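With mmCIF, C-alpha atoms inside, this is structure-v1.cif:
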data_target
#
loop_
_atom_site.label_atom_id
_atom_site.label_comp_id
_atom_site.auth_asym_id
_atom_site.auth_seq_id
_atom_site.Cartn_x
_atom_site.Cartn_y
_atom_site.Cartn_z
CA MET A 12 6.57 26.99 63.11
CA THR A 13 4.57 23.78 62.74
CA ARG A 14 5.43 20.54 64.52
CA ARG A 15 5.65 17.77 61.89
CA ALA A 16 5.89 13.97 62.13
CA VAL A 17 8.85 13.20 59.87
CA VAL A 18 9.89 9.74 58.68
CA ILE A 19 13.51 9.13 59.72
CA GLY A 20 13.65 5.35 59.26
CA ALA A 21 11.96 2.53 57.36
CA GLY A 22 12.30 -1.23 57.51
CA HIS A 23 10.51 -4.46 56.72
CA TYR A 24 10.53 -8.18 57.32
CA LEU A 25 9.27 -11.07 55.20
CA PRO A 26 9.04 -14.72 56.28
CA GLU A 27 11.49 -17.13 54.66
CA ARG A 28 8.87 -19.29 52.98
CA ILE A 29 7.98 -18.07 49.48
CA VAL A 30 4.83 -19.56 47.93
CA GLU A 31 4.64 -19.32 44.15
CA ASN A 32 1.24 -19.37 42.45
CA ALA A 33 1.94 -22.81 41.02
CA GLU A 34 1.81 -24.34 44.53
CA PHE A 35 -1.95 -23.80 44.61
CA GLU A 36 -2.50 -25.83 41.45
CA ALA A 37 -2.15 -29.09 43.38
CA THR A 38 -5.08 -28.39 45.73
CA LEU A 39 -7.30 -25.84 43.94
CA ASP A 40 -8.98 -25.40 40.57
CA THR A 41 -6.67 -22.53 39.69
CA SER A 42 -3.48 -21.71 37.82
CA ASP A 43 -0.60 -19.28 37.83
CA GLU A 44 -2.13 -17.52 34.81
CA TRP A 45 -5.56 -17.24 36.46
CA ILE A 46 -4.10 -15.67 39.61
CA ARG A 47 -1.77 -13.29 37.76
CA SER A 48 -4.41 -12.07 35.33
CA ARG A 49 -6.93 -11.27 38.07
CA SER A 50 -4.65 -9.90 40.78
CA GLY A 51 -1.14 -9.30 39.48
CA ILE A 52 0.17 -11.57 42.25
CA GLU A 53 2.98 -13.99 41.39
CA ARG A 54 4.11 -15.09 44.83
CA ARG A 55 3.71 -14.36 48.53
CA HIS A 56 5.42 -15.16 51.84
CA PHE A 57 3.89 -17.36 54.56
CA ALA A 58 4.97 -17.28 58.19
CA ALA A 59 6.49 -20.40 59.70
CA GLU A 60 4.28 -22.40 62.07
CA ASP A 61 6.02 -20.94 65.13
CA GLU A 62 6.27 -17.41 63.73
CA THR A 63 3.90 -14.77 65.10
CA THR A 64 2.72 -11.32 64.11
CA SER A 65 4.56 -9.66 67.01
CA GLN A 66 7.82 -11.41 66.10
CA MET A 67 7.61 -10.20 62.49
CA ALA A 68 6.64 -6.71 63.69
CA THR A 69 9.69 -6.65 65.95
CA ARG A 70 12.01 -7.57 63.08
CA ALA A 71 10.57 -4.77 60.94
CA ALA A 72 10.82 -2.33 63.84
CA GLU A 73 14.47 -3.25 64.41
CA ALA A 74 15.20 -2.60 60.72
CA ALA A 75 13.49 0.82 60.90
CA LEU A 76 15.42 1.76 64.04
CA LYS A 77 18.69 0.68 62.43
CA SER A 78 18.02 2.73 59.30
CA ALA A 79 17.27 5.77 61.49
CA GLY A 80 20.30 5.27 63.72
CA ARG A 81 18.08 5.23 66.81
CA SER A 82 17.62 2.84 69.71
CA ALA A 83 14.38 1.54 71.20
CA SER A 84 15.05 3.57 74.36
CA GLU A 85 14.59 6.75 72.30
CA VAL A 86 11.06 5.77 71.22
CA ASP A 87 8.07 7.20 73.07
CA ALA A 88 5.31 5.08 71.56
CA ILE A 89 4.59 2.07 69.37
CA ILE A 90 1.46 1.81 67.25
CA LEU A 91 0.93 -1.55 65.60
CA ALA A 92 -1.69 -1.95 62.87
CA THR A 93 -2.88 -5.55 62.66
CA SER A 94 -5.99 -7.71 62.42
CA THR A 95 -4.07 -10.88 63.31
CA ALA A 96 -2.54 -10.21 66.73
CA ASP A 97 -0.86 -13.09 68.57
CA LEU A 98 -3.47 -13.17 71.35
CA THR A 99 -6.87 -11.68 72.09
CA PHE A 100 -4.99 -9.55 74.62
CA PRO A 101 -2.61 -8.04 75.50
CA SER A 102 -1.91 -6.05 72.37
CA ALA A 103 0.77 -7.27 69.98
CA ALA A 104 2.31 -3.79 70.27
CA THR A 105 3.17 -4.37 73.94
CA MET A 106 4.80 -7.66 72.92
CA VAL A 107 6.92 -5.74 70.40
CA GLN A 108 7.76 -3.25 73.14
CA SER A 109 9.03 -6.11 75.29
CA GLN A 110 10.91 -7.81 72.46
CA LEU A 111 12.68 -4.52 71.67
CA GLY A 112 13.70 -4.19 75.33
CA MET A 113 11.78 -0.93 75.59
CA THR A 114 10.61 -0.24 79.16
CA ASN A 115 9.53 3.37 78.67
CA GLY A 116 6.65 4.89 76.75
CA PHE A 117 3.46 3.15 75.67
CA ALA A 118 2.19 0.80 72.97
CA PHE A 119 -1.16 -0.11 71.46
CA ASP A 120 -2.75 -1.84 68.47
CA VAL A 121 -4.96 -0.34 65.78
CA GLN A 122 -7.44 -2.54 63.92
CA ALA A 123 -8.79 -1.25 60.61
CA VAL A 124 -7.86 -4.29 58.50
CA CYS A 125 -6.14 -3.25 55.24
CA ALA A 126 -6.55 0.44 56.11
CA GLY A 127 -4.88 -0.14 59.46
CA PHE A 128 -1.54 1.43 58.64
CA VAL A 129 -3.16 4.63 57.36
CA TYR A 130 -5.13 4.81 60.60
CA ALA A 131 -1.98 4.13 62.63
CA LEU A 132 -0.04 6.86 60.79
CA SER A 133 -2.84 9.32 61.48
CA ASN A 134 -2.76 8.46 65.18
CA ALA A 135 1.02 8.79 65.29
CA ASN A 136 0.80 12.16 63.56
CA ALA A 137 -1.72 13.36 66.15
CA LEU A 138 0.49 12.22 69.04
CA ILE A 139 3.49 14.05 67.64
CA ALA A 140 1.63 17.18 66.52
CA SER A 141 0.06 17.53 69.98
CA GLY A 142 3.38 17.11 71.75
CA GLN A 143 2.47 13.85 73.48
CA ALA A 144 5.34 12.02 71.79
CA ASP A 145 8.57 12.94 70.04
CA ARG A 146 9.26 9.61 68.33
CA VAL A 147 6.72 6.96 67.35
CA LEU A 148 7.29 3.57 65.78
CA VAL A 149 4.42 2.81 63.40
CA ILE A 150 4.22 -0.82 62.32
CA GLY A 151 1.96 -2.89 60.09
CA ALA A 152 2.19 -6.67 60.55
CA GLU A 153 -0.07 -9.55 59.57
CA THR A 154 -0.26 -13.35 59.48
CA PHE A 155 -3.28 -13.61 57.21
CA SER A 156 -2.30 -17.18 56.30
CA ARG A 157 -3.83 -18.12 59.68
CA ILE A 158 -7.36 -17.03 58.65
CA MET A 159 -7.56 -18.37 55.10
CA ASP A 160 -10.13 -20.89 53.89
CA TRP A 161 -7.84 -23.07 51.79
CA THR A 162 -10.79 -24.38 49.78
CA ASP A 163 -11.81 -20.91 48.58
CA ARG A 164 -9.75 -20.12 45.49
CA SER A 165 -11.16 -16.61 45.26
CA THR A 166 -9.48 -15.51 48.51
CA CYS A 167 -6.73 -17.84 49.70
CA VAL A 168 -4.45 -17.12 46.73
CA LEU A 169 -4.53 -13.37 47.35
CA PHE A 170 -2.99 -12.93 50.79
CA GLY A 171 0.44 -13.14 52.35
CA ASP A 172 2.30 -12.46 55.58
CA GLY A 173 4.88 -9.83 56.48
CA ALA A 174 5.64 -6.64 58.35
CA GLY A 175 6.84 -3.10 57.69
CA ALA A 176 7.67 -0.19 59.97
CA LEU A 177 8.40 3.54 59.96
CA LEU A 178 10.02 5.60 62.69
CA LEU A 179 8.51 9.09 62.93
CA GLU A 180 10.22 11.97 64.72
CA ALA A 181 8.99 15.44 65.66
CA GLN A 182 10.64 18.19 63.63
CA ASP A 183 9.73 21.82 63.06
CA GLY A 184 8.38 22.90 59.69
CA ALA A 185 7.17 26.14 58.17
CA GLY A 186 3.57 24.96 57.95
CA THR A 187 3.58 24.68 54.15
CA ALA A 188 3.33 21.82 51.67
CA ASP A 189 7.12 22.02 51.28
CA ASP A 190 7.66 20.73 54.82
CA ARG A 191 9.01 17.25 55.38
CA GLY A 192 6.73 14.85 57.26
CA ILE A 193 3.02 14.12 57.35
CA LEU A 194 1.17 17.02 55.74
CA ALA A 195 -2.43 15.76 55.88
CA THR A 196 -4.59 12.73 56.59
CA ASP A 197 -8.12 11.63 55.73
CA LEU A 198 -9.94 8.76 57.46
CA ASN A 199 -13.33 7.24 56.64
CA SER A 200 -15.50 4.22 57.44
CA ASP A 201 -18.98 2.94 56.68
CA GLY A 202 -20.16 -0.05 58.67
CA ARG A 203 -23.07 -0.73 56.32
CA TYR A 204 -20.63 -2.61 54.08
CA LYS A 205 -19.45 -5.12 56.70
CA ASP A 206 -20.55 -8.13 54.66
CA LEU A 207 -18.30 -7.26 51.72
CA LEU A 208 -15.12 -8.23 53.59
CA TYR A 209 -15.01 -9.88 57.02
CA VAL A 210 -13.93 -12.91 59.06
CA ASP A 211 -16.85 -15.13 60.00
CA GLY A 212 -15.74 -15.73 63.58
CA GLY A 213 -14.28 -14.09 66.65
CA VAL A 214 -14.01 -14.10 70.42
CA SER A 215 -17.55 -13.00 71.30
CA THR A 216 -19.04 -15.41 68.76
CA GLN A 217 -16.97 -18.28 70.18
CA SER A 218 -15.59 -19.36 66.80
CA THR A 219 -12.34 -19.14 64.87
CA GLY A 220 -13.53 -18.03 61.44
CA HIS A 221 -12.11 -17.50 57.97
CA LEU A 222 -11.84 -14.48 55.70
CA ARG A 223 -14.86 -13.94 53.43
CA MET A 224 -14.95 -11.42 50.61
CA GLN A 225 -17.24 -10.26 47.82
CA GLY A 226 -14.39 -9.36 45.50
CA ASN A 227 -16.36 -7.61 42.76
CA GLN A 228 -18.14 -5.36 45.25
CA VAL A 229 -14.93 -4.51 47.09
CA PHE A 230 -13.31 -3.60 43.76
CA ARG A 231 -16.21 -1.31 42.86
CA HIS A 232 -15.94 0.60 46.13
CA ALA A 233 -12.13 0.59 46.21
CA VAL A 234 -11.27 2.60 43.10
CA GLU A 235 -13.83 5.33 43.74
CA LYS A 236 -13.15 5.67 47.47
CA LEU A 237 -9.36 5.49 47.20
CA ALA A 238 -9.15 8.20 44.55
CA ALA A 239 -11.55 10.40 46.53
CA THR A 240 -9.70 10.08 49.85
CA ALA A 241 -6.36 10.76 48.13
CA HIS A 242 -7.71 13.96 46.57
CA THR A 243 -9.17 15.05 49.91
CA ALA A 244 -5.87 14.52 51.72
CA LEU A 245 -3.95 16.33 48.97
CA ALA A 246 -6.30 19.31 49.18
CA ARG A 247 -5.82 19.46 52.95
CA ALA A 248 -2.06 19.43 52.41
CA GLY A 249 -2.29 22.31 49.94
CA ALA A 250 -1.11 20.13 47.08
CA SER A 251 -2.54 18.51 43.96
CA ALA A 252 -2.08 15.27 42.02
CA GLU A 253 0.42 17.02 39.74
CA ASP A 254 2.71 17.56 42.74
CA VAL A 255 2.86 13.86 43.64
CA ASP A 256 6.15 12.02 43.15
CA TRP A 257 4.88 8.61 44.27
CA ILE A 258 1.63 6.88 45.09
CA VAL A 259 2.31 4.06 47.55
CA PRO A 260 -1.04 2.28 47.68
CA HIS A 261 -2.32 -0.67 49.64
CA GLN A 262 -1.10 -3.64 47.62
CA ALA A 263 -4.33 -5.63 47.20
CA ASN A 264 -4.82 -6.08 43.49
CA ILE A 265 -3.00 -4.63 40.48
CA ARG A 266 -6.29 -3.74 38.81
CA ILE A 267 -7.38 -1.66 41.81
CA ILE A 268 -3.96 0.02 41.85
CA GLN A 269 -4.17 0.78 38.12
CA GLY A 270 -7.77 1.98 38.35
CA THR A 271 -7.01 4.34 41.24
CA ALA A 272 -3.98 5.84 39.49
CA LYS A 273 -6.02 6.39 36.33
CA LYS A 274 -8.84 8.05 38.29
CA MET A 275 -6.28 10.35 39.88
CA GLY A 276 -4.85 11.18 36.45
CA LEU A 277 -1.43 9.75 37.29
CA SER A 278 0.83 7.39 35.35
CA MET A 279 1.72 3.96 36.72
CA ASP A 280 5.32 5.19 36.47
CA LYS A 281 4.56 7.11 39.66
CA VAL A 282 3.23 4.08 41.58
CA VAL A 283 5.30 1.85 43.83
CA VAL A 284 4.10 -1.71 43.14
CA THR A 285 5.06 -4.76 45.22
CA VAL A 286 1.87 -6.83 45.01
CA GLN A 287 3.50 -9.26 42.58
CA ASP A 288 5.99 -10.40 45.24
CA HIS A 289 4.03 -10.07 48.48
CA GLY A 290 0.35 -10.51 47.67
CA ASN A 291 -2.09 -8.67 49.92
CA THR A 292 -0.46 -8.33 53.34
CA SER A 293 -3.30 -6.17 54.68
CA ALA A 294 -2.03 -3.57 57.20
CA ALA A 295 1.58 -4.53 56.41
CA SER A 296 1.38 -3.77 52.70
CA ILE A 297 1.94 0.02 52.78
CA PRO A 298 4.97 0.06 55.12
CA LEU A 299 6.37 -2.93 53.21
CA ALA A 300 6.01 -1.04 49.94
CA LEU A 301 7.49 2.15 51.41
CA SER A 302 10.52 0.28 52.75
CA VAL A 303 11.00 -1.62 49.48
CA GLY A 304 10.59 1.63 47.54
CA VAL A 305 13.43 3.17 49.54
CA GLU A 306 15.52 0.01 49.09
CA ARG A 307 14.98 0.13 45.32
CA GLY A 308 16.04 3.77 45.17
CA GLN A 309 12.59 4.92 44.04
CA ILE A 310 11.67 6.96 47.12
CA LYS A 311 14.09 9.76 47.92
CA PRO A 312 14.22 12.59 50.48
CA GLY A 313 11.91 15.43 49.49
CA ASN A 314 9.52 13.26 47.50
CA LEU A 315 5.80 13.98 47.95
CA ILE A 316 4.02 10.70 48.65
CA VAL A 317 0.35 9.74 48.78
CA THR A 318 -0.49 6.47 50.46
CA GLU A 319 -4.04 5.15 50.56
CA ALA A 320 -5.88 1.98 51.56
CA ILE A 321 -9.30 0.40 51.94
CA GLY A 322 -10.24 -2.63 54.01
CA GLY A 323 -12.98 -4.40 55.89
CA GLY A 324 -15.45 -2.17 57.66
CA LEU A 325 -15.44 -0.71 55.13
CA ALA A 326 -12.63 1.52 56.37
CA TRP A 327 -10.48 3.66 54.10
CA GLY A 328 -8.20 6.66 54.12
CA ALA A 329 -5.10 8.41 52.85
CA VAL A 330 -1.99 10.14 54.13
CA VAL A 331 0.06 12.77 52.29
CA LEU A 332 3.66 13.08 53.43
CA ARG A 333 6.94 14.47 52.23
CA TRP A 334 9.78 11.99 52.66
#
Could you show the structure in this file as structure tokens?
Amino acid sequence: MTRRAVVIGAGHYLPERIVENAEFEATLDTSDEWIRSRSGIERRHFAAEDETTSQMATRAAEAALKSAGRSASEVDAIILATSTADLTFPSAATMVQSQLGMTNGFAFDVQAVCAGFVYALSNANALIASGQADRVLVIGAETFSRIMDWTDRSTCVLFGDGAGALLLEAQDGAGTADDRGILATDLNSDGRYKDLLYVDGGVSTQSTGHLRMQGNQVFRHAVEKLAATAHTALARAGASAEDVDWIVPHQANIRIIQGTAKKMGLSMDKVVVTVQDHGNTSAASIPLALSVGVERGQIKPGNLIVTEAIGGGLAWGAVVLRW
């Protein structure tokens, strides 16, 4: 028997404020058509002034727990993927732990920007597979609206805020690709490409900073690296692209999503797409899309899913799991 990390609950949270593309026309040299044609984004959600990453993460976690029929007291660990934590320290994950009323277990943050949720899932899988935890809440949450340069039309129209969460539980499998749960992961990074996507400030540099991105270069790396990491993870799982029911990619740009699917030889009919409604929510985008996919009736028990992401670092990776 093989110990697997199986998804038993999914949930998400989006801030109330919805920002349509047209809102940017008043302050930027841009248009709804320009934004849609280059990114596929139509709208996004922005957190309220008093709304924090940990608060949104908690709401998503509560939804995941409810869908699983579990309580916070049954959770052994919380892993929160975010690049926009409430404070420098302590971790936003410990704040979620407190807000859930969870006094047992442990909690920590993972920072790999847009690839953060893939990294967090891989960590959760390792904790469960090794027997260190039986149930792990894995959350992605971001308030990227806090780090936007509102004069830069090439970046500020792309991002949004939100949170998504999965509850993973240890279950026994046969050790084959037919098992439910996480079947394989693949993680990568290459720090030589730091300048392609970064925030030009931070604690040790004593500055606040805004997001900076060389969009064309990120696009060039994204399609190639995302397809490659997905194929690697599938091979490790003992599966192939033909076995995939759904790709649930990082929701950054519709052209990257389309290019990756094409490179993998898969139809867009097999891709869960939410970028039009949420924009790029960084580490929150994959759990958001998974939760929405379940809500829509797209993702069903037994489906083989590939989820992949690339973000600043560059950091990228993929997870293959059976729902």
Proximity of segment 229-261 of chain A to segment 118-132 of chain A: per-residue shortest pair, 12 Å limit, only C-alpha atoms, as a Markdown table:
| residue | atom | partner | partner_atom | distance |
| --- | --- | --- | --- | --- |
| A:Ala233 | CA | A:Ala126 | CA | 11.4 |
| A:Leu237 | CA | A:Ala126 | CA | 10.6 |
| A:Thr240 | CA | A:Val129 | CA | 11.4 |
| A:Ala241 | CA | A:Val129 | CA | 11.5 |
| A:Ala244 | CA | A:Val129 | CA | 11.7 |
| A:Val259 | CA | A:Val129 | CA | 11.2 |
| A:Pro260 | CA | A:Val129 | CA | 10.2 |
| A:His261 | CA | A:Cys125 | CA | 7.3 |
Original post:
Distance atom CA of Thr271 of chain A-atom CA of Arg231 of chain A, one decimal place?
Top reply: 10.9 Å
**OP:** Could you give me, as a ChimeraX atom specification, the residues within 7 Å of Lys205 of chain A, counting only C-alpha atoms and dropping anything in the same chain fewer than 4 positions from it?
**Re:** /A:209,323-325
Original post:
For the atom pair atom CA of Gln287 of chain A and atom CA of Tyr24 of chain A, what is the interatomic distance in Å to one decimal place?
Top reply: 16.4 Å
Subject >> Shell of 6 Å around segment 40-57 of chain A, all atoms listed in the file, local chain residues under 2 positions omitted, as a PyMOL selection string >> reply: chain A and resi 26+28-33+36+171-172+264-265+286-290
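Residue neighbourhood of Phe117 of chain A, excluding near-sequence residues (fewer than 2 positions): Asp87, Ala88, Ile89, Thr105, Asn115 and Phe119 of chain A, at 8 Å, using all atoms listed in the file.
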**OP:** Using atom CA of Glu153 of chain A and atom CA of Lys77 of chain A as the two end points, give the distance in Å to one decimal.
**Re:**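 Here the two named atoms are 21.6 Å from each other.
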Original post:
Quick one: residues within 6 Å of Gly220 of chain A, only C-alpha atoms counted, chain neighbours fewer than 5 positions away excluded, as a ChimeraX atom specification?
Top reply: /A:210-212
File dump, residues just selected, C-alpha atoms, as a compact mmCIF listing (two decimals), in the coordinates of the input:
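Contents of part05.txt, as written:
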# COMPACT_ATOMS: atom_id res chain seq x y z
CA VAL A 210 -13.93 -12.91 59.06
CA ASP A 211 -16.85 -15.13 60.00
CA GLY A 212 -15.74 -15.73 63.58
